[in-house]
$ cat upload14.cif   # mmCIF, C-alpha atoms
data_protein
#
loop_
_atom_site.label_atom_id
_atom_site.label_comp_id
_atom_site.auth_asym_id
_atom_site.auth_seq_id
_atom_site.Cartn_x
_atom_site.Cartn_y
_atom_site.Cartn_z
CA MET A 1 42.12 101.49 -6.25
CA ALA A 2 39.50 102.42 -3.67
CA GLU A 3 40.97 103.58 -0.41
CA SER A 4 41.05 100.95 2.31
CA GLN A 5 39.12 101.76 5.47
CA VAL A 6 41.73 99.81 7.42
CA GLU A 7 45.29 100.97 7.78
CA LEU A 8 47.58 98.29 6.31
CA GLU A 9 51.33 98.24 6.60
CA GLY A 10 53.39 97.65 3.48
CA THR A 11 52.52 97.55 -0.21
CA VAL A 12 48.94 96.62 -1.11
CA ALA A 13 47.79 95.22 -4.48
CA THR A 14 44.41 94.14 -5.76
CA VAL A 15 43.85 90.75 -7.32
CA SER A 16 43.76 92.22 -10.83
CA GLU A 17 46.98 94.13 -10.19
CA LEU A 18 48.72 91.05 -8.84
CA ASN A 19 47.51 88.91 -11.72
CA ALA A 20 48.72 91.51 -14.19
CA SER A 21 52.13 91.47 -12.54
CA ILE A 22 52.22 87.67 -12.66
CA ARG A 23 51.24 87.73 -16.32
CA THR A 24 54.07 90.17 -17.08
CA LEU A 25 56.49 88.08 -15.09
CA VAL A 26 55.45 84.89 -16.89
CA ARG A 27 55.83 86.50 -20.29
CA THR A 28 59.17 88.16 -19.61
CA ASP A 29 60.98 86.12 -17.00
CA GLY A 30 58.90 82.95 -16.97
CA PRO A 31 60.41 79.54 -16.30
CA SER A 32 62.55 78.14 -19.07
CA PHE A 33 61.75 74.61 -20.31
CA ASP A 34 61.79 72.65 -23.51
CA TYR A 35 59.22 69.99 -22.48
CA VAL A 36 56.81 69.46 -19.60
CA VAL A 37 56.14 65.78 -18.83
CA GLY A 38 53.05 64.42 -17.10
CA ASP A 39 50.13 62.04 -17.32
CA VAL A 40 47.21 63.04 -19.56
CA SER A 41 43.89 63.78 -17.85
CA ASN A 42 40.56 65.53 -18.57
CA VAL A 43 40.77 65.40 -22.35
CA PHE A 44 38.04 67.20 -24.29
CA LEU A 45 37.66 68.90 -27.65
CA SER A 46 36.25 72.42 -28.02
CA GLY A 47 35.86 73.24 -31.67
CA THR A 48 39.25 72.42 -33.16
CA THR A 49 41.13 73.08 -29.90
CA LEU A 50 42.08 70.11 -27.75
CA HIS A 51 42.10 70.70 -24.00
CA PHE A 52 43.85 68.37 -21.57
CA ASP A 53 45.68 68.42 -18.26
CA LEU A 54 49.13 67.15 -17.42
CA VAL A 55 49.10 65.74 -13.89
CA GLU A 56 51.90 64.61 -11.61
CA ASP A 57 51.77 63.73 -7.90
CA GLY A 58 48.56 65.69 -7.32
CA ALA A 59 49.73 68.73 -9.32
CA SER A 60 47.95 69.71 -12.54
CA LEU A 61 48.68 72.00 -15.49
CA HIS A 62 46.17 72.76 -18.25
CA CYS A 63 47.30 72.49 -21.87
CA LEU A 64 45.75 73.59 -25.16
CA LEU A 65 46.61 72.14 -28.56
CA PHE A 66 45.20 74.24 -31.38
CA ASN A 67 43.90 73.30 -34.84
CA VAL A 68 43.68 69.56 -34.27
CA GLY A 69 40.60 69.13 -36.47
CA VAL A 70 37.27 67.54 -35.58
CA GLU A 71 38.84 64.47 -33.98
CA PRO A 72 41.41 64.54 -31.16
CA PRO A 73 44.81 62.92 -31.85
CA GLU A 74 44.87 59.26 -30.85
CA HIS A 75 48.04 59.67 -28.79
CA VAL A 76 46.48 62.28 -26.49
CA LYS A 77 44.41 60.14 -24.15
CA GLU A 78 44.34 59.35 -20.47
CA GLU A 79 46.39 56.17 -20.68
CA ILE A 80 49.38 58.09 -22.07
CA ARG A 81 52.25 60.04 -20.52
CA LEU A 82 53.12 63.07 -22.68
CA ALA A 83 56.01 65.43 -23.15
CA VAL A 84 54.53 68.80 -24.15
CA LYS A 85 56.49 71.58 -25.79
CA GLY A 86 55.05 75.08 -25.96
CA ARG A 87 54.81 78.40 -24.19
CA LEU A 88 53.44 79.18 -20.78
CA ASN A 89 50.44 81.47 -20.64
CA PHE A 90 48.75 83.12 -17.64
CA TYR A 91 45.03 83.97 -17.54
CA GLU A 92 44.55 87.08 -15.45
CA LYS A 93 40.83 86.64 -14.79
CA GLN A 94 41.12 83.05 -13.59
CA GLY A 95 44.55 83.51 -12.06
CA SER A 96 45.71 80.28 -13.69
CA CYS A 97 48.50 79.11 -15.97
CA SER A 98 48.29 76.97 -19.05
CA ILE A 99 50.54 75.82 -21.85
CA PHE A 100 49.84 76.63 -25.45
CA ALA A 101 51.29 73.42 -26.85
CA ASP A 102 53.16 73.18 -30.10
CA GLU A 103 54.07 69.49 -29.72
CA ALA A 104 52.69 66.60 -27.67
CA ILE A 105 54.94 63.57 -27.77
CA PRO A 106 54.01 60.23 -26.10
CA VAL A 107 56.78 59.07 -23.76
CA GLY A 108 55.15 56.00 -22.24
CA GLU A 109 52.17 54.77 -20.34
CA SER A 110 50.53 56.99 -17.75
CA GLU A 111 51.77 56.25 -14.24
CA ILE A 112 48.24 56.70 -12.93
CA HIS A 113 46.91 54.29 -15.57
CA THR A 114 49.69 51.78 -14.86
CA ALA A 115 48.89 51.78 -11.14
CA LEU A 116 45.19 51.57 -11.93
CA GLU A 117 45.62 48.54 -14.19
CA GLN A 118 47.79 46.83 -11.61
CA ARG A 119 45.09 47.39 -9.00
CA ARG A 120 42.44 46.17 -11.44
CA ARG A 121 44.35 42.92 -12.04
CA GLN A 122 44.82 42.38 -8.31
CA LEU A 123 41.15 42.91 -7.48
CA THR A 124 40.07 40.80 -10.45
CA ALA A 125 42.27 37.95 -9.25
CA GLU A 126 40.56 38.19 -5.85
CA GLY A 127 37.20 37.79 -7.55
CA LEU A 128 35.74 41.15 -6.47
CA PHE A 129 34.42 41.84 -9.97
CA ALA A 130 32.91 38.37 -10.53
CA ALA A 131 29.31 38.35 -11.77
CA GLU A 132 28.20 35.82 -9.14
CA HIS A 133 28.87 38.37 -6.39
CA LYS A 134 26.52 40.97 -7.84
CA GLN A 135 23.15 41.44 -6.18
CA PRO A 136 19.89 41.97 -8.09
CA LEU A 137 18.39 45.43 -7.82
CA PRO A 138 14.98 45.77 -6.15
CA ARG A 139 12.31 46.38 -8.78
CA LEU A 140 10.52 49.05 -6.76
CA PRO A 141 12.77 50.51 -4.06
CA ALA A 142 10.88 52.56 -1.47
CA THR A 143 13.95 54.45 -0.24
CA ILE A 144 17.16 55.16 -2.16
CA GLY A 145 20.34 56.48 -0.56
CA ILE A 146 22.48 58.85 -2.64
CA VAL A 147 26.17 59.40 -1.95
CA SER A 148 27.49 62.51 -3.66
CA SER A 149 28.84 65.99 -3.12
CA ALA A 150 26.00 68.04 -1.63
CA GLY A 151 24.48 70.47 -4.12
CA SER A 152 26.48 69.11 -7.06
CA ASP A 153 25.08 68.80 -10.56
CA ALA A 154 25.45 65.03 -10.31
CA GLU A 155 23.31 64.90 -7.17
CA GLU A 156 20.67 67.13 -8.77
CA ASP A 157 20.64 65.01 -11.93
CA VAL A 158 20.13 61.83 -9.91
CA ILE A 159 17.30 63.36 -7.88
CA ASN A 160 15.56 64.71 -10.99
CA GLY A 161 16.10 61.45 -12.87
CA ILE A 162 14.48 59.37 -10.11
CA HIS A 163 11.62 61.70 -9.20
CA SER A 164 10.73 62.36 -12.83
CA ARG A 165 10.01 58.65 -13.14
CA HIS A 166 8.54 57.98 -9.70
CA PRO A 167 8.00 60.99 -7.40
CA ASP A 168 6.90 58.79 -4.48
CA VAL A 169 10.35 57.29 -3.91
CA ASP A 170 12.05 58.59 -0.75
CA LEU A 171 15.63 59.81 -1.17
CA LEU A 172 18.24 59.94 1.60
CA LEU A 173 21.12 62.25 0.65
CA VAL A 174 24.55 61.78 2.24
CA ASP A 175 27.23 64.37 1.53
CA ALA A 176 30.76 63.18 0.78
CA ARG A 177 33.81 64.63 -0.90
CA VAL A 178 34.25 63.05 -4.29
CA GLN A 179 37.69 64.43 -5.11
CA GLY A 180 40.83 65.39 -3.30
CA GLN A 181 41.92 64.87 0.29
CA ASP A 182 39.61 62.81 2.54
CA ALA A 183 37.44 61.79 -0.45
CA VAL A 184 38.15 58.07 0.00
CA GLU A 185 37.45 58.18 3.73
CA GLN A 186 34.24 60.18 3.33
CA LEU A 187 32.93 58.00 0.50
CA CYS A 188 33.58 54.83 2.52
CA GLY A 189 31.91 56.36 5.57
CA ALA A 190 28.84 57.44 3.59
CA ILE A 191 28.40 54.02 1.99
CA ALA A 192 28.86 52.26 5.35
CA TYR A 193 26.33 54.61 6.99
CA LEU A 194 23.67 53.88 4.38
CA ASP A 195 24.42 50.16 4.35
CA GLU A 196 24.40 49.62 8.11
CA GLY A 197 22.65 52.57 9.75
CA THR A 198 19.61 53.12 7.53
CA ALA A 199 16.81 51.14 5.93
CA VAL A 200 17.50 52.04 2.31
CA ASP A 201 16.71 49.53 -0.43
CA LEU A 202 19.40 50.80 -2.80
CA ILE A 203 22.55 52.95 -2.70
CA VAL A 204 23.58 55.25 -5.57
CA VAL A 205 27.17 56.54 -5.64
CA THR A 206 27.62 59.40 -8.11
CA ARG A 207 29.73 62.34 -9.24
CA GLY A 208 30.33 64.36 -12.39
CA GLY A 209 32.95 63.61 -15.00
CA GLY A 210 36.68 64.05 -14.78
CA GLY A 211 40.04 62.60 -15.60
CA ASP A 212 41.87 59.75 -13.91
CA GLN A 213 43.21 62.07 -11.23
CA ASP A 214 39.76 63.56 -10.57
CA LEU A 215 38.28 60.06 -10.27
CA HIS A 216 41.08 58.77 -8.06
CA ALA A 217 38.77 58.11 -5.10
CA PHE A 218 36.52 55.94 -7.28
CA ASN A 219 39.52 53.90 -8.36
CA SER A 220 40.79 53.47 -4.80
CA GLU A 221 40.97 50.03 -3.23
CA GLY A 222 39.15 51.25 -0.12
CA VAL A 223 36.00 52.43 -1.92
CA VAL A 224 36.00 49.36 -4.18
CA ARG A 225 36.16 46.99 -1.21
CA MET A 226 33.49 48.95 0.67
CA ILE A 227 31.07 48.52 -2.25
CA ALA A 228 32.05 44.84 -2.64
CA THR A 229 31.13 44.09 1.00
CA ALA A 230 27.93 46.17 1.11
CA ARG A 231 24.81 44.14 1.85
CA THR A 232 22.64 46.73 0.12
CA PRO A 233 22.73 46.75 -3.71
CA VAL A 234 24.93 49.57 -5.05
CA VAL A 235 24.57 51.46 -8.35
CA THR A 236 27.36 53.73 -9.58
CA ALA A 237 27.00 56.72 -11.91
CA ILE A 238 30.43 58.26 -12.27
CA GLY A 239 31.19 60.95 -14.81
CA HIS A 240 30.47 60.56 -18.48
CA GLU A 241 29.68 57.53 -20.63
CA ASN A 242 33.36 56.91 -21.38
CA ASP A 243 34.45 57.05 -17.73
CA HIS A 244 34.94 53.56 -16.28
CA PRO A 245 36.42 53.73 -12.76
CA LEU A 246 36.91 50.53 -10.78
CA VAL A 247 33.76 51.11 -8.72
CA ASP A 248 31.74 50.51 -11.90
CA GLU A 249 33.13 46.99 -12.12
CA VAL A 250 32.40 46.06 -8.50
CA ALA A 251 28.98 47.73 -8.29
CA ASP A 252 25.83 45.66 -8.76
CA ALA A 253 24.82 47.93 -11.65
CA ARG A 254 26.14 50.98 -13.49
CA ALA A 255 24.40 54.00 -14.99
CA MET A 256 26.44 55.64 -17.74
CA THR A 257 25.76 59.14 -16.36
CA PRO A 258 24.04 60.60 -13.27
CA THR A 259 21.14 61.66 -15.50
CA GLU A 260 20.46 58.02 -16.43
CA VAL A 261 20.32 56.72 -12.85
CA GLY A 262 16.53 57.03 -12.78
CA ALA A 263 16.11 54.70 -15.77
CA ALA A 264 18.58 52.23 -14.24
CA VAL A 265 17.01 51.94 -10.76
CA ILE A 266 13.24 52.38 -11.09
CA GLU A 267 10.42 52.03 -13.57
CA GLU A 268 8.17 54.95 -14.42
CA LYS A 269 5.17 55.25 -12.14
CA SER A 270 2.82 55.53 -15.13
CA GLN A 271 4.24 52.30 -16.57
CA LEU A 272 3.85 50.55 -13.21
CA GLN A 273 0.26 51.78 -12.98
CA GLU A 274 -0.40 50.52 -16.50
CA GLN A 275 1.17 47.18 -15.61
CA VAL A 276 -1.01 46.98 -12.49
CA ARG A 277 -4.11 47.75 -14.57
CA ALA A 278 -3.13 45.22 -17.23
CA ASN A 279 -2.27 42.62 -14.58
CA ARG A 280 -5.59 43.26 -12.84
CA GLU A 281 -7.44 42.66 -16.10
CA ARG A 282 -5.38 39.55 -16.83
CA LEU A 283 -6.00 38.32 -13.29
CA ALA A 284 -9.75 38.90 -13.61
CA THR A 285 -9.80 37.14 -16.97
CA ALA A 286 -7.67 34.29 -15.67
CA TYR A 287 -9.83 34.05 -12.53
CA GLN A 288 -13.04 33.86 -14.56
CA GLY A 289 -11.50 31.33 -16.91
CA ARG A 290 -10.21 29.31 -13.98
CA VAL A 291 -13.56 29.41 -12.23
CA ARG A 292 -15.34 28.27 -15.39
CA THR A 293 -12.78 25.51 -15.87
CA LEU A 294 -13.12 24.40 -12.26
CA LEU A 295 -16.92 24.45 -12.48
CA LYS A 296 -16.80 22.33 -15.63
CA GLU A 297 -14.34 19.94 -13.98
CA ARG A 298 -16.47 19.77 -10.82
CA HIS A 299 -19.62 19.26 -12.92
CA ARG A 300 -17.97 16.45 -14.85
CA ALA A 301 -16.61 14.96 -11.66
CA LEU A 302 -20.03 15.25 -10.01
CA ALA A 303 -21.77 13.73 -13.00
CA THR A 304 -19.22 10.94 -13.08
CA ALA A 305 -19.55 10.38 -9.34
CA TYR A 306 -23.35 10.49 -9.61
CA ALA A 307 -23.32 8.02 -12.46
CA GLU A 308 -20.88 5.77 -10.63
CA THR A 309 -23.02 6.01 -7.45
CA VAL A 310 -26.22 5.24 -9.35
CA ILE A 311 -24.57 2.32 -11.09
CA GLU A 312 -23.22 1.05 -7.78
CA ARG A 313 -26.67 1.45 -6.17
CA VAL A 314 -28.40 -0.22 -9.12
CA ASP A 315 -25.85 -3.04 -9.04
CA ALA A 316 -26.35 -3.37 -5.31
CA LEU A 317 -30.13 -3.34 -5.69
CA GLU A 318 -29.92 -5.82 -8.53
CA GLY A 319 -27.75 -8.02 -6.36
CA ALA A 320 -30.12 -7.67 -3.42
CA LEU A 321 -33.13 -8.25 -5.69
CA GLY A 322 -31.45 -11.27 -7.22
CA GLU A 323 -30.71 -12.65 -3.79
CA ALA A 324 -34.26 -11.92 -2.63
CA TYR A 325 -35.65 -13.43 -5.80
CA ASP A 326 -33.47 -16.50 -5.43
CA GLY A 327 -34.53 -16.87 -1.79
CA LEU A 328 -38.20 -16.39 -2.62
CA ALA A 329 -37.97 -18.71 -5.61
CA ARG A 330 -36.30 -21.34 -3.47
CA ARG A 331 -39.00 -21.01 -0.82
CA GLU A 332 -41.78 -21.08 -3.41
CA LEU A 333 -40.19 -24.02 -5.18
CA THR A 334 -39.78 -25.85 -1.88
CA ALA A 335 -43.44 -25.19 -1.02
CA LEU A 336 -44.59 -26.20 -4.50
CA GLN A 337 -42.36 -29.25 -4.33
CA GLY A 338 -43.96 -30.16 -0.99
CA GLN A 339 -47.43 -29.63 -2.41
CA LEU A 340 -46.49 -31.60 -5.49
CA THR A 341 -45.07 -34.38 -3.32
CA ARG A 342 -48.19 -34.43 -1.21
CA ALA A 343 -50.39 -34.34 -4.30
CA HIS A 344 -48.34 -37.10 -5.83
CA GLN A 345 -48.63 -39.15 -2.68
CA GLY A 346 -52.40 -38.52 -2.59
CA PHE A 347 -52.65 -39.48 -6.25
CA GLU A 348 -50.70 -42.65 -5.66
CA GLN A 349 -52.94 -43.45 -2.68
CA ARG A 350 -56.08 -42.87 -4.77
CA HIS A 351 -54.52 -44.90 -7.57
CA ARG A 352 -53.76 -47.75 -5.21
CA HIS A 353 -57.27 -47.45 -3.77
CA GLU A 354 -58.78 -47.54 -7.25
CA GLN A 355 -56.60 -50.53 -8.08
CA GLU A 356 -57.65 -52.23 -4.90
CA THR A 357 -61.33 -51.42 -5.59
CA THR A 358 -60.98 -52.74 -9.13
CA GLU A 359 -59.34 -55.91 -7.88
CA LEU A 360 -62.01 -56.26 -5.20
CA ARG A 361 -64.76 -55.90 -7.80
CA ALA A 362 -62.96 -58.39 -10.02
CA GLN A 363 -62.72 -60.77 -7.09
CA ARG A 364 -66.43 -60.25 -6.40
CA ARG A 365 -67.27 -60.98 -10.02
CA ARG A 366 -65.09 -64.08 -9.97
CA LEU A 367 -66.64 -65.16 -6.69
CA LEU A 368 -70.13 -64.56 -8.08
CA VAL A 369 -69.32 -66.53 -11.19
CA ALA A 370 -67.85 -69.30 -9.06
CA THR A 371 -70.94 -69.25 -6.87
CA VAL A 372 -73.26 -69.47 -9.88
CA VAL A 373 -71.17 -72.21 -11.38
CA LEU A 374 -71.16 -74.04 -8.07
CA ALA A 375 -74.92 -73.59 -7.74
CA LEU A 376 -75.40 -74.88 -11.23
CA LEU A 377 -73.18 -77.83 -10.50
CA LEU A 378 -75.04 -78.47 -7.28
CA ALA A 379 -78.34 -78.25 -9.11
CA ALA A 380 -77.07 -80.59 -11.76
CA LEU A 381 -75.84 -82.92 -9.10
CA VAL A 382 -79.21 -82.88 -7.37
CA LEU A 383 -80.88 -83.49 -10.63
CA VAL A 384 -78.59 -86.33 -11.40
CA VAL A 385 -79.22 -87.79 -8.02
CA ALA A 386 -82.89 -87.33 -8.39
CA LEU A 387 -82.89 -89.01 -11.73
CA THR A 388 -80.88 -91.76 -10.38
CA LEU A 389 -83.22 -92.49 -7.68
#
$ encode --input "upload14.cif" --output "structure tokens"
Amino acid sequence: MAESQVELEGTVATVSELNASIRTLVRTDGPSFDYVVGDVSNVFLSGTTLHFDLVEDGASLHCLLFNVGVEPPEHVKEEIRLAVKGRLNFYEKQGSCSIFADEAIPVGESEIHTALEQRRRQLTAEGLFAAEHKQPLPRLPATIGIVSSAGSDAEEDVINGIHSRHPDVDLLLVDARVQGQDAVEQLCGAIAYLDEGTAVDLIVVTRGGGGDQDLHAFNSEGVVRMIATARTPVVTAIGHENDHPLVDEVADARAMTPTEVGAAVIEEKSQLQEQVRANRERLATAYQGRVRTLLKERHRALATAYAETVIERVDALEGALGEAYDGLARRELTALQGQLTRAHQGFEQRHRHEQETTELRAQRRRLLVATVVLALLLAALVLVVALTL
């Protein structure tokens, strides 16, 4: 060991020395137990070795079950409470203990899972998860708020996922603990800040994967109710595809992983630009078609109106002409009738005059004849008288 530049009282050990002592102690005088009981959490398979944690009241102990094959045993899952039998091992480099398990026996339902399901039923009965309460996501949000642990892989994945699709979107990052003490309070505060104190169009709540204990804050009633009452649409992206905390059920939308948030909240800029171009062409085509249709309709309407106007004018003129003709004809007929009457009267007068002249001539002839006859009689009488004498 390098000499310390500071004088220390008592025995001094380095980390490696202390860990080596702990490892020796664990192997020789370690705690004696037949089974360790706890709720299963953080299950994953590495090769043929199954890794999982046993958790209890915030405490956690890692376990390894070797040679399980390519599929994990069905009874080792997060809804189960296990009794594990094996030997305790200490890793010097990490300074952590684990159990090399020989047996893993189910002893009931996980206490965490039981409490979670009870909370799920309660919140479901209240209607917090009902589809009618979910808000539609904005198609093109200008600003997106992200609630996550600052600098985490989940935060980076969300940022890259959004900006790879649309680099012009503004992102407002709000740091919050996502696990452990104060996580619920900080998550609620971050969501409330974005919902009430900023002008974001969308809120994304995200973190990496984990077991039920790691995701406790995202199953808490406080965070669930905060999302349920948010006026801004909320998208959750918690853990891996198989992780389904309660916040996923109350959120307006869920991305299966932080990496997939971009696809869930915004369209690609290139696709939007293509849609704009296509819509512009369709609009121009529709506009031209509409203009042509309107022109044809207006032309037909104008032709119809013109024809109707001409017909009305012709009918009016015909009516006026008929009236004028009737008036003129009546006046002409009246004048002709007067002339005819006067001519008839003149004719009758001439006829009467001719009759009178004829009668007068006849009278003259009769008078002449009578005169001649009378003269002859007088002559005869004179002759008779003369003869007599």
$ residues_near_point --input "upload14.cif" --point "(46.2, 62.2, -9.3)" --cutoff "8 Å" --atoms "only C-alpha atoms" --output "MDAnalysis selection string"
chainID A and resid 55:59 112 212:214 216
$ resolve_selection --input "upload14.cif" --expression "the PyMOL selection byres ((chain A and resi 73) around 12)" --output "list in words"
Val43, Phe44, Leu45, Thr48, Thr49, Leu50, His51, Phe52, Leu65, Phe66, Asn67, Val68, Gly69, Val70, Glu71, Pro72, Glu74, His75, Val76, Lys77, Glu78, Ile80, Glu103, Ala104, Ile105 and Pro106 of chain A
$ resolve_selection --input "upload14.cif" --expression "the PyMOL selection byres ((chain A and resi 140) around 9)" --output "ChimeraX atom specification"
/A:137-139,141-142,169,201,265-267
$ residues_near_point --input "upload14.cif" --point "(18.9, 51.3, 6.2)" --cutoff "12 Å" --atoms "only C-alpha atoms" --output "list of chain:residue names"
A:Pro141, A:Ala142, A:Thr143, A:Ile144, A:Gly145, A:Leu171, A:Leu172, A:Ala190, A:Ile191, A:Ala192, A:Tyr193, A:Leu194, A:Asp195, A:Glu196, A:Gly197, A:Thr198, A:Ala199, A:Val200, A:Asp201, A:Leu202, A:Ile203, A:Ala230, A:Arg231, A:Thr232, A:Pro233
$ resolve_selection --input "upload14.cif" --expression "the PyMOL selection byres ((chain A and resi 100) around 9)" --output "PyMOL selection string"
chain A and resi 62-66+85-89+98-99+101-102
$ atom_distance --input "upload14.cif" --atom1 "atom CA of Arg165 of chain A" --atom2 "atom CA of His240 of chain A"
21.2 Å
$ residues_around --input "upload14.cif" --residues "Gly189 of chain A" --least-positions-apart "4" --cutoff "10 Å" --atoms "all atoms listed in the file" --output "ChimeraX atom specification"
/A:147,174,176,183-185,193-195,223,226
$ atom_distance --input "upload14.cif" --atom1 "atom CA of Thr341 of chain A" --atom2 "atom CA of Ala329 of chain A"
17.4 Å
$ residues_around --input "upload14.cif" --residues "Val26 of chain A" --least-positions-apart "4" --cutoff "9 Å" --atoms "only C-alpha atoms" --output "MDAnalysis selection string"
chainID A and resid 21:22 30:31 88:90
$ atom_distance --input "upload14.cif" --atom1 "atom CA of Val158 of chain A" --atom2 "atom CA of Asp175 of chain A"
13.7 Å
$ residues_around --input "upload14.cif" --residues "Arg254 of chain A" --least-positions-apart "6" --cutoff "10 Å" --atoms "only C-alpha atoms" --output "list in words"
Val204, Val205, Val234, Val235, Thr236, Ala237, Ile238, His244, Val247, Asp248, Glu260, Val261, Ala264 and Val265 of chain A
$ closest_residue --input "upload14.cif" --among "A:Leu272, A:Leu128, A:Val178, A:Ala228" --to "Gly208 of chain A" --atoms "only C-alpha atoms"
A:Val178
$ residues_around --input "upload14.cif" --residues "Ser152 of chain A" --least-positions-apart "3" --cutoff "10 Å" --atoms "all atoms listed in the file" --output "PyMOL selection string"
chain A and resi 148-149+155-157+175+206-208
$ build_atoms --input "upload14.cif" --residues "segment 88-100 of chain A" --atoms "N, CA, C and O atoms" --output "mmCIF file, in the frame of the given file"
data_model
loop_
_atom_site.group_PDB
_atom_site.id
_atom_site.type_symbol
_atom_site.label_atom_id
_atom_site.label_comp_id
_atom_site.auth_asym_id
_atom_site.auth_seq_id
_atom_site.Cartn_x
_atom_site.Cartn_y
_atom_site.Cartn_z
ATOM 1 N N LEU A 88 54.259 79.028 -21.970
ATOM 2 C CA LEU A 88 53.440 79.180 -20.780
ATOM 3 C C LEU A 88 52.611 80.448 -20.906
ATOM 4 O O LEU A 88 53.106 81.502 -21.306
ATOM 5 N N ASN A 89 51.338 80.319 -20.580
ATOM 6 C CA ASN A 89 50.440 81.470 -20.640
ATOM 7 C C ASN A 89 49.726 81.610 -19.298
ATOM 8 O O ASN A 89 49.436 80.617 -18.625
ATOM 9 N N PHE A 90 49.430 82.857 -18.911
ATOM 10 C CA PHE A 90 48.750 83.120 -17.640
ATOM 11 C C PHE A 90 47.451 83.880 -17.931
ATOM 12 O O PHE A 90 47.452 84.894 -18.613
ATOM 13 N N TYR A 91 46.334 83.335 -17.381
ATOM 14 C CA TYR A 91 45.030 83.970 -17.540
ATOM 15 C C TYR A 91 44.779 84.847 -16.319
ATOM 16 O O TYR A 91 44.672 84.351 -15.189
ATOM 17 N N GLU A 92 44.699 86.162 -16.579
ATOM 18 C CA GLU A 92 44.550 87.080 -15.450
ATOM 19 C C GLU A 92 43.226 86.876 -14.712
ATOM 20 O O GLU A 92 43.185 86.895 -13.476
ATOM 21 N N LYS A 93 42.133 86.714 -15.441
ATOM 22 C CA LYS A 93 40.830 86.640 -14.790
ATOM 23 C C LYS A 93 40.707 85.397 -13.911
ATOM 24 O O LYS A 93 40.151 85.447 -12.822
ATOM 25 N N GLN A 94 41.196 84.277 -14.390
ATOM 26 C CA GLN A 94 41.120 83.050 -13.590
ATOM 27 C C GLN A 94 42.299 82.906 -12.644
ATOM 28 O O GLN A 94 42.243 82.085 -11.724
ATOM 29 N N GLY A 95 43.354 83.651 -12.879
ATOM 30 C CA GLY A 95 44.550 83.510 -12.060
ATOM 31 C C GLY A 95 45.175 82.144 -12.225
ATOM 32 O O GLY A 95 45.632 81.533 -11.248
ATOM 33 N N SER A 96 45.198 81.629 -13.454
ATOM 34 C CA SER A 96 45.710 80.280 -13.690
ATOM 35 C C SER A 96 46.638 80.278 -14.890
ATOM 36 O O SER A 96 46.528 81.114 -15.794
ATOM 37 N N CYS A 97 47.549 79.282 -14.878
ATOM 38 C CA CYS A 97 48.500 79.110 -15.970
ATOM 39 C C CYS A 97 48.078 77.976 -16.878
ATOM 40 O O CYS A 97 47.385 77.037 -16.444
ATOM 41 N N SER A 98 48.495 78.066 -18.109
ATOM 42 C CA SER A 98 48.290 76.970 -19.050
ATOM 43 C C SER A 98 49.413 77.000 -20.068
ATOM 44 O O SER A 98 50.154 77.983 -20.175
ATOM 45 N N ILE A 99 49.524 75.917 -20.810
ATOM 46 C CA ILE A 99 50.540 75.820 -21.850
ATOM 47 C C ILE A 99 49.865 75.793 -23.204
ATOM 48 O O ILE A 99 48.958 74.969 -23.431
ATOM 49 N N PHE A 100 50.255 76.699 -24.065
ATOM 50 C CA PHE A 100 49.840 76.630 -25.450
ATOM 51 C C PHE A 100 50.828 75.692 -26.139
ATOM 52 O O PHE A 100 51.977 76.044 -26.402
#
